[in-house]
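Trainee: My structure is stored as data_9.txt, with compact mmCIF, C-alpha atoms.
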# COMPACT_ATOMS: atom_id res chain seq x y z
CA MET A 1 18.40 -38.11 119.90
CA ALA A 2 20.96 -40.90 119.94
CA ASP A 3 23.57 -40.72 122.70
CA LEU A 4 26.90 -39.85 121.03
CA ARG A 5 28.94 -39.86 124.23
CA SER A 6 32.04 -41.99 123.94
CA ASN A 7 34.09 -44.11 126.31
CA PHE A 8 37.03 -45.33 124.29
CA ALA A 9 39.60 -47.46 126.14
CA GLY A 10 38.52 -45.70 129.34
CA ILE A 11 38.83 -42.23 127.80
CA LYS A 12 35.57 -40.31 127.91
CA SER A 13 34.52 -37.63 125.42
CA SER A 14 31.30 -35.87 124.45
CA ASN A 15 31.21 -37.57 121.04
CA PRO A 16 33.31 -40.13 119.12
CA PHE A 17 34.95 -37.56 116.82
CA TRP A 18 38.55 -36.70 117.64
CA LEU A 19 41.05 -34.65 115.70
CA ALA A 20 44.03 -36.78 114.75
CA SER A 21 47.59 -35.92 115.69
CA ALA A 22 48.54 -33.45 112.95
CA PRO A 23 48.86 -29.69 112.25
CA PRO A 24 45.30 -28.99 113.49
CA THR A 25 46.33 -30.09 117.00
CA ASP A 26 49.71 -28.39 117.10
CA LYS A 27 48.95 -25.85 119.83
CA ALA A 28 46.40 -24.73 122.38
CA TYR A 29 44.94 -22.06 120.07
CA ASN A 30 43.89 -24.67 117.51
CA VAL A 31 42.66 -27.16 120.09
CA VAL A 32 40.50 -24.59 121.89
CA ARG A 33 38.92 -23.55 118.59
CA ALA A 34 38.21 -27.20 117.86
CA PHE A 35 36.56 -27.73 121.25
CA GLU A 36 34.50 -24.57 120.82
CA ALA A 37 33.30 -25.96 117.48
CA GLY A 38 32.22 -29.21 119.15
CA TRP A 39 34.94 -31.84 118.69
CA GLY A 40 34.87 -34.56 121.31
CA GLY A 41 38.63 -34.91 121.63
CA VAL A 42 42.05 -34.34 120.15
CA VAL A 43 45.28 -36.21 119.83
CA TRP A 44 47.91 -33.53 120.37
CA LYS A 45 50.45 -33.27 117.59
CA THR A 46 53.34 -35.65 118.24
CA LEU A 47 55.81 -34.54 120.90
CA GLY A 48 59.46 -35.56 120.99
CA GLU A 49 62.45 -34.84 123.16
CA ASP A 50 64.18 -31.47 123.22
CA PRO A 51 65.80 -30.02 121.22
CA PRO A 52 62.76 -29.98 118.93
CA VAL A 53 62.94 -31.00 115.29
CA VAL A 54 63.36 -28.45 112.50
CA ASN A 55 60.76 -28.43 109.73
CA VAL A 56 61.21 -27.08 106.21
CA ASN A 57 60.34 -23.43 105.66
CA GLY A 58 58.51 -23.97 102.43
CA PRO A 59 55.84 -26.14 100.86
CA ARG A 60 54.94 -29.05 103.14
CA TYR A 61 51.82 -30.27 101.39
CA GLY A 62 50.88 -31.59 97.98
CA ALA A 63 47.38 -32.50 96.83
CA MET A 64 45.44 -34.71 94.46
CA HIS A 65 42.41 -32.85 93.12
CA ALA A 66 39.19 -34.11 91.55
CA ASP A 67 38.01 -32.32 88.42
CA ASP A 68 36.03 -29.88 90.55
CA ARG A 69 39.15 -29.02 92.60
CA ARG A 70 38.02 -31.00 95.65
CA VAL A 71 41.02 -32.34 97.53
CA ILE A 72 40.76 -36.12 97.39
CA GLY A 73 44.29 -36.85 98.62
CA LEU A 74 46.83 -34.88 100.64
CA ASN A 75 50.56 -35.52 100.92
CA ASN A 76 52.64 -33.94 103.66
CA ILE A 77 56.32 -33.88 104.55
CA GLU A 78 55.88 -32.10 107.89
CA LEU A 79 57.61 -33.66 110.88
CA ILE A 80 56.46 -33.91 114.49
CA SER A 81 55.98 -30.80 116.64
CA ASP A 82 58.79 -28.26 116.27
CA ARG A 83 57.69 -26.33 119.38
CA PRO A 84 59.63 -26.66 122.67
CA LEU A 85 58.47 -29.58 124.80
CA ASP A 86 57.87 -27.48 127.93
CA ILE A 87 55.54 -25.10 126.06
CA ASN A 88 53.51 -27.98 124.64
CA LEU A 89 53.22 -29.63 128.05
CA ALA A 90 52.10 -26.40 129.73
CA GLU A 91 49.44 -25.82 127.08
CA ILE A 92 48.17 -29.41 127.33
CA LYS A 93 47.81 -29.01 131.10
CA GLN A 94 45.85 -25.77 130.76
CA VAL A 95 43.57 -27.04 127.99
CA LYS A 96 42.68 -30.16 129.96
CA ARG A 97 41.84 -28.05 133.01
CA ASP A 98 39.62 -25.77 130.93
CA TRP A 99 37.88 -28.58 129.01
CA PRO A 100 37.48 -31.50 131.42
CA ASP A 101 34.68 -33.11 129.40
CA ARG A 102 36.83 -33.44 126.25
CA ALA A 103 39.47 -36.05 125.53
CA VAL A 104 43.07 -34.84 125.36
CA VAL A 105 45.44 -37.59 124.23
CA VAL A 106 49.12 -36.87 123.62
CA SER A 107 50.98 -38.40 120.69
CA LEU A 108 54.57 -39.33 121.48
CA MET A 109 57.68 -40.27 119.53
CA VAL A 110 61.13 -40.61 121.07
CA PRO A 111 64.12 -42.83 120.24
CA CYS A 112 63.55 -46.56 120.64
CA GLU A 113 65.41 -46.61 123.94
CA GLU A 114 63.89 -47.48 127.30
CA GLU A 115 65.36 -44.47 129.07
CA SER A 116 63.88 -42.01 126.56
CA TRP A 117 60.38 -43.35 127.23
CA ARG A 118 60.98 -43.53 130.98
CA ARG A 119 61.94 -39.84 130.91
CA ILE A 120 59.08 -38.37 128.88
CA LEU A 121 56.10 -40.33 130.20
CA PRO A 122 55.97 -38.76 133.70
CA MET A 123 56.10 -35.31 132.11
CA VAL A 124 53.03 -36.09 130.01
CA GLU A 125 51.21 -37.75 132.89
CA ASP A 126 51.73 -34.61 134.98
CA THR A 127 49.64 -32.60 132.49
CA GLY A 128 46.50 -34.53 133.36
CA ALA A 129 46.16 -35.79 129.81
CA ASP A 130 43.69 -38.63 129.32
CA GLY A 131 46.09 -40.95 127.52
CA ILE A 132 48.97 -41.30 125.10
CA GLU A 133 49.18 -42.42 121.50
CA LEU A 134 52.46 -43.99 120.39
CA ASN A 135 53.33 -42.73 116.93
CA PHE A 136 54.64 -45.86 115.24
CA GLY A 137 53.46 -44.71 111.85
CA CYS A 138 55.11 -41.51 110.61
CA PRO A 139 56.61 -42.59 107.25
CA HIS A 140 58.96 -39.72 106.49
CA GLY A 141 61.81 -37.90 108.20
CA MET A 142 61.49 -39.47 111.62
CA SER A 143 61.63 -43.02 110.26
CA GLU A 144 65.06 -42.17 108.86
CA ARG A 145 66.09 -41.57 112.49
CA GLY A 146 64.86 -44.96 113.68
CA MET A 147 61.45 -43.76 114.91
CA GLY A 148 57.90 -43.68 113.54
CA ALA A 149 57.30 -46.29 110.85
CA ALA A 150 60.79 -47.72 111.45
CA VAL A 151 59.41 -49.00 114.77
CA GLY A 152 55.91 -49.77 113.55
CA GLN A 153 57.19 -52.08 110.82
CA ILE A 154 58.87 -54.39 113.34
CA PRO A 155 56.35 -56.17 115.59
CA ASP A 156 58.98 -56.99 118.23
CA TYR A 157 59.73 -53.29 118.64
CA VAL A 158 56.02 -52.44 118.80
CA GLU A 159 55.53 -54.91 121.62
CA MET A 160 58.68 -53.81 123.44
CA VAL A 161 57.93 -50.08 123.47
CA THR A 162 54.27 -50.64 124.30
CA ARG A 163 55.34 -52.72 127.28
CA TRP A 164 57.67 -49.96 128.47
CA CYS A 165 54.86 -47.41 128.29
CA LYS A 166 52.49 -49.61 130.26
CA GLN A 167 55.24 -50.14 132.82
CA PHE A 168 56.21 -46.48 133.24
CA SER A 169 52.77 -44.84 133.03
CA ARG A 170 49.25 -45.25 134.37
CA MET A 171 47.69 -43.59 131.32
CA PRO A 172 45.80 -45.58 128.68
CA VAL A 173 48.16 -46.44 125.80
CA ILE A 174 46.93 -46.27 122.20
CA VAL A 175 49.32 -47.62 119.55
CA LYS A 176 49.11 -45.88 116.17
CA LEU A 177 49.91 -48.34 113.41
CA THR A 178 51.64 -47.81 110.08
CA PRO A 179 49.93 -48.97 106.87
CA ASN A 180 53.37 -49.26 105.24
CA ILE A 181 53.59 -52.93 106.12
CA THR A 182 52.71 -56.23 104.47
CA ASP A 183 50.11 -57.37 107.03
CA ILE A 184 48.68 -54.91 109.56
CA ARG A 185 47.61 -57.75 111.87
CA TYR A 186 51.14 -58.56 113.01
CA ALA A 187 51.74 -55.08 114.42
CA ALA A 188 48.28 -55.05 116.02
CA ARG A 189 48.95 -58.41 117.66
CA ALA A 190 52.28 -57.13 118.95
CA ALA A 191 50.63 -54.05 120.45
CA THR A 192 48.04 -56.26 122.13
CA LYS A 193 50.74 -58.55 123.55
CA GLY A 194 52.57 -55.50 124.87
CA GLY A 195 49.47 -54.51 126.83
CA ALA A 196 48.10 -51.73 124.62
CA ASP A 197 44.70 -50.41 125.67
CA ALA A 198 43.82 -49.73 122.03
CA VAL A 199 45.21 -49.30 118.53
CA SER A 200 44.61 -46.50 116.04
CA LEU A 201 44.96 -46.74 112.28
CA ILE A 202 45.88 -45.91 109.68
CA ASN A 203 48.74 -43.50 109.74
CA THR A 204 49.77 -41.98 106.42
CA ILE A 205 50.93 -43.96 103.38
CA ASN A 206 54.33 -43.49 101.73
CA SER A 207 53.80 -41.41 98.62
CA ILE A 208 55.10 -38.97 96.05
CA ILE A 209 52.11 -36.88 95.04
CA SER A 210 53.36 -35.68 91.64
CA VAL A 211 56.39 -34.50 89.67
CA ASP A 212 56.92 -30.96 88.41
CA LEU A 213 57.74 -31.61 84.75
CA ASP A 214 59.43 -28.21 84.38
CA THR A 215 61.84 -28.53 87.30
CA MET A 216 61.84 -32.35 87.30
CA ALA A 217 61.42 -32.37 91.09
CA PRO A 218 58.77 -34.13 93.19
CA ASN A 219 56.02 -31.97 94.68
CA PRO A 220 56.27 -30.46 97.21
CA HIS A 221 59.94 -29.59 96.86
CA THR A 222 62.45 -27.56 98.84
CA ASP A 223 65.18 -25.74 96.92
CA GLY A 224 64.75 -28.10 93.98
CA LYS A 225 64.69 -31.36 95.93
CA GLY A 226 61.71 -33.41 97.10
CA THR A 227 61.07 -36.46 99.21
CA HIS A 228 58.34 -39.00 99.84
CA GLY A 229 55.72 -37.95 102.33
CA GLY A 230 52.60 -39.28 104.02
CA TYR A 231 49.40 -39.68 101.98
CA CYS A 232 45.98 -39.16 103.56
CA GLY A 233 42.51 -37.91 102.71
CA PRO A 234 39.45 -39.49 101.05
CA ALA A 235 41.60 -41.51 98.63
CA VAL A 236 43.02 -43.67 101.45
CA LYS A 237 39.66 -44.51 103.03
CA PRO A 238 39.24 -47.90 101.28
CA ILE A 239 42.70 -48.97 102.45
CA ALA A 240 41.97 -47.85 105.99
CA LEU A 241 38.58 -49.60 106.11
CA ASN A 242 40.16 -52.87 105.04
CA MET A 243 42.91 -52.66 107.66
CA VAL A 244 40.44 -51.78 110.42
CA SER A 245 38.29 -54.78 109.47
CA GLU A 246 41.32 -57.08 109.42
CA ILE A 247 42.08 -56.24 113.04
CA ALA A 248 38.42 -56.30 114.08
CA ARG A 249 37.98 -59.91 112.87
CA ASP A 250 41.41 -61.27 113.85
CA PRO A 251 40.96 -63.77 116.73
CA GLU A 252 44.15 -62.45 118.39
CA THR A 253 42.95 -58.82 118.53
CA LEU A 254 39.18 -59.19 118.92
CA SER A 255 39.17 -57.49 122.33
CA THR A 256 41.45 -54.59 121.32
CA PRO A 257 39.56 -51.30 120.84
CA ILE A 258 40.17 -49.57 117.50
CA SER A 259 40.31 -45.87 116.71
CA GLY A 260 39.59 -45.52 112.99
CA ILE A 261 41.57 -43.05 110.88
CA GLY A 262 41.84 -42.48 107.14
CA GLY A 263 39.84 -40.25 104.81
CA ILE A 264 36.88 -39.58 107.11
CA SER A 265 35.14 -36.52 105.69
CA ASN A 266 31.52 -36.82 106.86
CA TRP A 267 29.22 -38.73 109.20
CA ARG A 268 28.70 -41.55 106.72
CA ASP A 269 32.44 -42.23 106.51
CA ALA A 270 32.56 -42.33 110.29
CA ALA A 271 29.61 -44.72 110.49
CA GLU A 272 31.34 -47.09 108.06
CA PHE A 273 34.49 -47.19 110.20
CA ILE A 274 32.42 -47.76 113.34
CA ALA A 275 30.41 -50.52 111.65
CA LEU A 276 33.69 -52.26 110.77
CA GLY A 277 34.85 -52.26 114.38
CA ALA A 278 36.07 -48.78 115.32
CA GLY A 279 35.06 -47.50 118.75
CA ASN A 280 35.71 -43.92 117.70
CA VAL A 281 37.22 -42.05 114.74
CA GLN A 282 39.94 -39.47 114.15
CA VAL A 283 39.83 -36.79 111.46
CA CYS A 284 42.58 -34.66 109.94
CA THR A 285 42.48 -33.85 106.22
CA ALA A 286 38.81 -32.83 106.13
CA ALA A 287 39.40 -30.38 108.98
CA MET A 288 42.47 -28.96 107.22
CA VAL A 289 40.52 -28.42 104.00
CA TYR A 290 37.14 -27.28 105.37
CA GLY A 291 37.81 -26.11 108.94
CA PHE A 292 36.63 -27.25 112.35
CA LYS A 293 32.93 -26.49 111.75
CA ILE A 294 32.53 -29.74 109.81
CA ILE A 295 31.98 -31.36 113.20
CA GLU A 296 28.43 -29.96 113.20
CA GLU A 297 27.46 -32.04 110.15
CA MET A 298 29.30 -35.06 111.49
CA THR A 299 27.57 -35.16 114.87
CA SER A 300 24.10 -34.20 113.63
CA GLY A 301 24.29 -36.57 110.67
CA LEU A 302 25.49 -39.52 112.74
CA GLY A 303 22.86 -38.84 115.38
CA ARG A 304 20.00 -38.64 112.85
CA TRP A 305 21.10 -41.84 111.13
CA MET A 306 21.35 -43.68 114.46
CA ASP A 307 17.86 -42.49 115.37
CA GLU A 308 16.47 -43.71 112.04
CA LYS A 309 18.10 -47.12 112.46
CA GLY A 310 17.18 -47.49 116.12
CA TYR A 311 20.71 -47.37 117.54
CA ASP A 312 20.86 -45.76 120.98
CA THR A 313 24.63 -45.52 121.43
CA VAL A 314 27.79 -45.64 119.32
CA GLY A 315 28.52 -48.99 120.93
CA ASP A 316 25.36 -50.37 119.35
CA VAL A 317 26.88 -49.69 115.91
CA THR A 318 30.46 -50.75 116.61
CA GLY A 319 31.36 -53.89 114.71
CA ARG A 320 27.90 -54.46 113.18
CA ALA A 321 29.39 -55.14 109.72
CA VAL A 322 32.35 -57.27 110.81
CA GLU A 323 30.51 -60.60 110.54
CA ASN A 324 29.83 -59.86 106.88
CA VAL A 325 33.53 -59.42 106.03
CA THR A 326 35.02 -62.74 104.98
CA ASP A 327 37.74 -64.31 102.84
CA TRP A 328 37.10 -64.72 99.12
CA LYS A 329 36.98 -68.50 99.38
CA TYR A 330 33.82 -68.29 101.49
CA LEU A 331 31.79 -66.24 99.00
CA ASN A 332 28.61 -67.82 97.64
CA LEU A 333 29.38 -68.77 94.04
CA ASN A 334 25.76 -69.79 93.53
CA TYR A 335 24.65 -66.17 93.89
CA ILE A 336 23.89 -64.77 90.42
CA THR A 337 23.17 -61.16 89.37
CA LYS A 338 22.61 -59.52 85.99
CA ALA A 339 22.68 -55.88 84.96
CA LYS A 340 19.39 -54.22 83.97
CA ILE A 341 19.07 -50.86 82.18
CA ASP A 342 16.12 -48.58 82.92
CA GLN A 343 15.24 -47.35 79.43
CA ASP A 344 13.27 -44.40 80.81
CA LEU A 345 16.41 -43.06 82.52
CA CYS A 346 18.94 -43.99 79.84
CA ILE A 347 20.33 -40.95 77.97
CA LYS A 348 21.96 -43.09 75.24
CA CYS A 349 25.48 -41.87 76.01
CA GLY A 350 26.96 -45.31 75.39
CA ARG A 351 29.44 -45.29 78.24
CA CYS A 352 28.19 -48.60 79.59
CA HIS A 353 28.51 -50.23 76.17
CA ILE A 354 32.04 -49.06 75.42
CA ALA A 355 33.28 -49.98 78.90
CA CYS A 356 31.79 -53.46 78.63
CA GLU A 357 32.77 -53.94 74.97
CA ASP A 358 36.40 -52.84 75.34
CA THR A 359 37.31 -54.03 78.81
CA SER A 360 34.74 -56.50 80.09
CA HIS A 361 32.36 -59.16 78.70
CA GLN A 362 30.73 -57.71 75.56
CA ALA A 363 27.36 -58.05 77.27
CA ILE A 364 25.62 -54.81 76.18
CA ASN A 365 23.95 -54.66 72.76
CA THR A 366 23.98 -51.27 71.05
CA VAL A 367 21.39 -50.98 68.27
CA LYS A 368 17.71 -51.85 68.01
CA ASP A 369 15.60 -51.09 64.93
CA GLY A 370 18.39 -48.90 63.60
CA GLU A 371 18.44 -46.67 66.69
CA LYS A 372 20.85 -46.35 69.61
CA TYR A 373 19.51 -48.65 72.25
CA TYR A 374 21.49 -50.27 75.02
CA GLU A 375 20.33 -53.59 76.35
CA VAL A 376 22.03 -56.26 78.45
CA ASN A 377 22.66 -59.72 77.00
CA ASP A 378 22.06 -62.01 79.98
CA ASP A 379 23.97 -64.87 78.39
CA GLU A 380 27.19 -62.84 78.52
CA CYS A 381 26.64 -60.65 81.60
CA VAL A 382 28.50 -61.79 84.73
CA GLY A 383 27.14 -59.05 86.98
CA CYS A 384 30.57 -57.42 87.40
CA ASN A 385 29.05 -53.97 88.13
CA LEU A 386 31.32 -52.04 85.72
CA CYS A 387 28.38 -50.63 83.77
CA VAL A 388 26.73 -49.45 87.00
CA ILE A 389 29.92 -47.64 87.98
CA THR A 390 30.50 -45.96 84.60
CA CYS A 391 26.90 -44.87 84.00
CA PRO A 392 26.54 -41.10 84.66
CA ILE A 393 22.86 -41.42 85.68
CA GLU A 394 22.34 -42.72 89.18
CA GLY A 395 19.85 -45.58 89.28
CA CYS A 396 19.75 -46.08 85.53
CA ILE A 397 21.58 -49.42 85.68
CA SER A 398 21.10 -51.85 88.53
CA LEU A 399 21.97 -55.44 89.34
CA GLU A 400 19.14 -57.90 89.79
CA GLN A 401 19.43 -61.26 91.49
CA MET A 402 18.71 -64.29 89.35
CA ALA A 403 17.81 -67.85 90.31
CA GLU A 404 20.69 -69.50 92.14
CA GLY A 405 22.66 -72.54 91.15
CA THR A 406 23.02 -72.42 87.36
CA ASP A 407 25.64 -70.75 85.21
CA PRO A 408 23.70 -69.18 82.30
CA ARG A 409 26.73 -69.53 80.03
CA THR A 410 26.81 -73.32 80.37
CA ASP A 411 23.34 -74.13 81.74
CA LYS A 412 25.10 -76.34 84.27
CA PRO A 413 25.12 -76.15 88.08
CA ILE A 414 27.93 -74.06 89.54
CA ASP A 415 30.52 -76.10 91.41
CA SER A 416 30.83 -74.17 94.65
CA SER A 417 33.74 -76.35 95.69
CA TYR A 418 35.84 -73.89 93.66
CA ALA A 419 35.52 -71.61 96.66
CA ASN A 420 38.11 -73.76 98.42
CA TRP A 421 40.31 -74.32 95.38
CA THR A 422 43.08 -71.92 96.40
CA THR A 423 43.52 -73.70 99.73
CA ASN A 424 43.66 -77.21 98.25
CA ALA A 425 46.93 -78.78 99.36
CA ASN A 426 47.10 -80.73 96.11
CA ASN A 427 46.91 -77.58 94.01
CA PRO A 428 50.45 -76.44 93.05
CA SER A 429 49.17 -72.90 92.49
CA ALA A 430 47.52 -72.57 95.89
CA GLY A 431 47.88 -69.08 97.31
CA GLN A 432 48.87 -67.56 93.97
CA GLU A 433 46.82 -65.06 92.00
Would you mind writing the file's structure down as structure tokens?
Mentor:
Amino acid sequence: MADLRSNFAGIKSSNPFWLASAPPTDKAYNVVRAFEAGWGGVVWKTLGEDPPVVNVNGPRYGAMHADDRRVIGLNNIELISDRPLDINLAEIKQVKRDWPDRAVVVSLMVPCEEESWRRILPMVEDTGADGIELNFGCPHGMSERGMGAAVGQIPDYVEMVTRWCKQFSRMPVIVKLTPNITDIRYAARAATKGGADAVSLINTINSIISVDLDTMAPNPHTDGKGTHGGYCGPAVKPIALNMVSEIARDPETLSTPISGIGGISNWRDAAEFIALGAGNVQVCTAAMVYGFKIIEEMTSGLGRWMDEKGYDTVGDVTGRAVENVTDWKYLNLNYITKAKIDQDLCIKCGRCHIACEDTSHQAINTVKDGEKYYEVNDDECVGCNLCVITCPIEGCISLEQMAEGTDPRTDKPIDSSYANWTTNANNPSAGQE
């Protein structure tokens, strides 16, 4: 069996799966249940200074559902821990004593003042925790008070606070980044300059999940009023994967370990994050929807896949896909594919035809010998993949590679110099879409 033990930024755990800082890690009871189920580590729900914050006593979550009622996106307006600081610290100390082989990292958020950080860090270090995670990502409530995303959106502040934490503590410092920013690389670079031992991303995305059309208030709402919250769950995974890969291939952050977060629901999701540069992963929404036992599928699935592929350790997988992520201008424009329909599998539903006819390239013919029959016209097909996506039968439509170098629409060689067109200094539209 593959070795799933993890050493992330000097923090050891029995496997690379941690619970993210969130309601599932709010207290010792939850954390102990998670460890009993098999989680390798937790990031304790964000602590702040006393007096603790006050959360709403009403709906805190809203959800996006698929047609089968699966939760594909979760919105929350819950703030950081509302439990007294001394109780949290005592529980962290006891849990770490009882579970020495598991990672216990403490998420922190205090005002952007040096003295506030100087005061809280020794208290956390005294618990024996393995490290701290700086919450520079919370997009609601706390950001209105000059914390959370309000710090994470300003690289100078990220660097400054990270430097304070490295100065006032011996614990590894993980900086949790906000996705509510134009370019995630600037904050990651700032964290690295400040001495961060690692970064974690993504935190939740600013969102309003829906509007109640009877009360005309956003969901969830409190006494008739709603606010934006943080969006997470499977729907944010593509955004998170992109941001992780941006940091993993940025020359200024190549050596910075990454903890991947965002929509991880199974072992395959985790493997994708790891392949794009994550040293470990953090999970929240899936645990909230399905419970802590999902860790069994995650660890066994990842282990089996690693065995099949010949990977001995998680480190063997980390970053394997990064070299294949590039900028658009470097894509091979001489690579040609065409859609092909397997007539034995086709159920004649016509979804591929109508999608292509109405919104794409009119490349699928519809009738043959007076009967419904869907066939690709190679002269018009550009291999866009829309028909593959819309077809309800898996494997019925596939893309096949054609001979390189000639555009079938013109019968002329493709000018691959177009790949550099958007960076041509003489092009007045350079950089525009």
Trainee: Under the rule that only C-alpha atoms are counted, which of A:Ile364, A:Leu121, A:Met109, A:Leu331 is the nearest residue to A:Asn377?
Mentor: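 For A:Asn377, the nearest of the given residues is A:Ile364.
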Trainee: If we count only C-alpha atoms and set the cut-off at 10 Å, which residues sit around A:Pro220, ignoring sequence neighbours fewer than 3 positions away in its own chain? Please answer as a ChimeraX atom specification.
Mentor: /A:58-63,75-77,208-212,217,224-229
Trainee: Rank A:Cys138, A:Ala28, A:Met160, A:Val151 by their smallest atom-to-atom distance to A:Val95, using only C-alpha atoms, and report the top residue only.
Mentor: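 For A:Val95, the nearest of the candidates is A:Ala28.
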Trainee: Which is closer to A:Ser116 than all the others in A:Ser169, A:Ala103, A:Glu144, A:Glu49, using all atoms listed in the file?
Mentor: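 For A:Ser116, the nearest of the candidates is A:Glu49.
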Trainee: Near stretch 279-291 of chain A, within 7 Å and counting all atoms listed in the file, which residues show up once chain neighbours fewer than 2 positions away are dropped, as a list of chain:residue names?
Mentor: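 Skipping anything fewer than 2 positions along the chain leaves A:Phe8, A:Pro16, A:Phe17, A:Trp18, A:Leu19, A:Ala20, A:Ala22, A:Pro24, A:Cys232, A:Gly233, A:Pro257, A:Ile258, A:Ser259, A:Gly260, A:Ile261, A:Ile264, A:Ser265, A:Ala270, A:Ile274, A:Gly277, A:Lys293, A:Ile294, A:Thr318.
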Trainee: Write the residues you've just listed into a file as a PDB file, keeping the file's coordinate frame, and include C-alpha atoms for each of them.
Mentor:
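The result, stored in again.pdb:
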ATOM      1  CA  PHE A   8      37.030 -45.330 124.290  1.00  0.00           C
ATOM      2  CA  PRO A  16      33.310 -40.130 119.120  1.00  0.00           C
ATOM      3  CA  PHE A  17      34.950 -37.560 116.820  1.00  0.00           C
ATOM      4  CA  TRP A  18      38.550 -36.700 117.640  1.00  0.00           C
ATOM      5  CA  LEU A  19      41.050 -34.650 115.700  1.00  0.00           C
ATOM      6  CA  ALA A  20      44.030 -36.780 114.750  1.00  0.00           C
ATOM      7  CA  ALA A  22      48.540 -33.450 112.950  1.00  0.00           C
ATOM      8  CA  PRO A  24      45.300 -28.990 113.490  1.00  0.00           C
ATOM      9  CA  CYS A 232      45.980 -39.160 103.560  1.00  0.00           C
ATOM     10  CA  GLY A 233      42.510 -37.910 102.710  1.00  0.00           C
ATOM     11  CA  PRO A 257      39.560 -51.300 120.840  1.00  0.00           C
ATOM     12  CA  ILE A 258      40.170 -49.570 117.500  1.00  0.00           C
ATOM     13  CA  SER A 259      40.310 -45.870 116.710  1.00  0.00           C
ATOM     14  CA  GLY A 260      39.590 -45.520 112.990  1.00  0.00           C
ATOM     15  CA  ILE A 261      41.570 -43.050 110.880  1.00  0.00           C
ATOM     16  CA  ILE A 264      36.880 -39.580 107.110  1.00  0.00           C
ATOM     17  CA  SER A 265      35.140 -36.520 105.690  1.00  0.00           C
ATOM     18  CA  ALA A 270      32.560 -42.330 110.290  1.00  0.00           C
ATOM     19  CA  ILE A 274      32.420 -47.760 113.340  1.00  0.00           C
ATOM     20  CA  GLY A 277      34.850 -52.260 114.380  1.00  0.00           C
ATOM     21  CA  LYS A 293      32.930 -26.490 111.750  1.00  0.00           C
ATOM     22  CA  ILE A 294      32.530 -29.740 109.810  1.00  0.00           C
ATOM     23  CA  THR A 318      30.460 -50.750 116.610  1.00  0.00           C
TER      24      THR A 318
END
Trainee: Name all residues at most 9 Å from A:Ala198 (count all atoms listed in the file; drop same-chain ones fewer than 3 positions away) and give them as a list of chain:residue names.
Mentor: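 Selected residues are A:Phe8, A:Ala9, A:Pro172, A:Val173, A:Ile174, A:Val175, A:Lys176, A:Ala191, A:Thr192, A:Gly195, A:Thr256, A:Pro257, A:Ile258, A:Ser259.
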Trainee: I'd like the interatomic distance between atom CA of A:Asp82 and atom CA of A:Phe168, to a tenth of an Å.
Mentor: 25.0 Å
Trainee: With all atoms listed in the file as the atoms that count, which of A:Ser398, A:Arg118, A:Asp344, A:Thr204 lies nearest to A:Arg163?
Mentor: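 For A:Arg163, the nearest of the given residues is A:Arg118.
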Trainee: As an NGL selection string, please: the residues near A:Thr390 (cut-off 10 Å, all atoms listed in the file, same-chain neighbours under 5 positions excluded).
Mentor: :A and (350-356 or 385 or 397)
Trainee: For the point (31.4, -28.8, 112.9) in file coordinates, what residues are within 10 Å, counting all atoms listed in the file? Give the answer as number ranges by chain?
Mentor: A: 34-39, 287, 290-300
Trainee: What is the distance between atom CA of A:Tyr374 and atom CA of A:Ser360, in Å to one decimal?
Mentor: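 Computed distance, atom CA of A:Tyr374 to atom CA of A:Ser360, equals 15.5 Å.
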Trainee: Neighbours of A:Arg170 within 9 Å (only C-alpha atoms; same-chain residues fewer than 4 positions away dropped), as a compact mmCIF listing (two decimals) with C-alpha atoms, keeping the file's coordinate frame?
Mentor:
# COMPACT_ATOMS: atom_id res chain seq x y z
CA GLU A 125 51.21 -37.75 132.89
CA GLY A 131 46.09 -40.95 127.52
CA CYS A 165 54.86 -47.41 128.29
CA LYS A 166 52.49 -49.61 130.26
Trainee: Could you work out how far atom CA of A:Glu133 lies from atom CA of A:Pro23, giving the answer in Å with one decimal?
Mentor: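 Pair atom CA of A:Pro23 / atom CA of A:Glu133 returns 15.7 Å.
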Trainee: For a quick check of understanding, using all atoms listed in the file, which of A:Asp316, A:Glu394, A:Glu323, A:Asp197 has the smallest distance to A:Asp342?
Mentor: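 Using all atoms listed in the file, the shortest distance to A:Asp342 belongs to A:Glu394.
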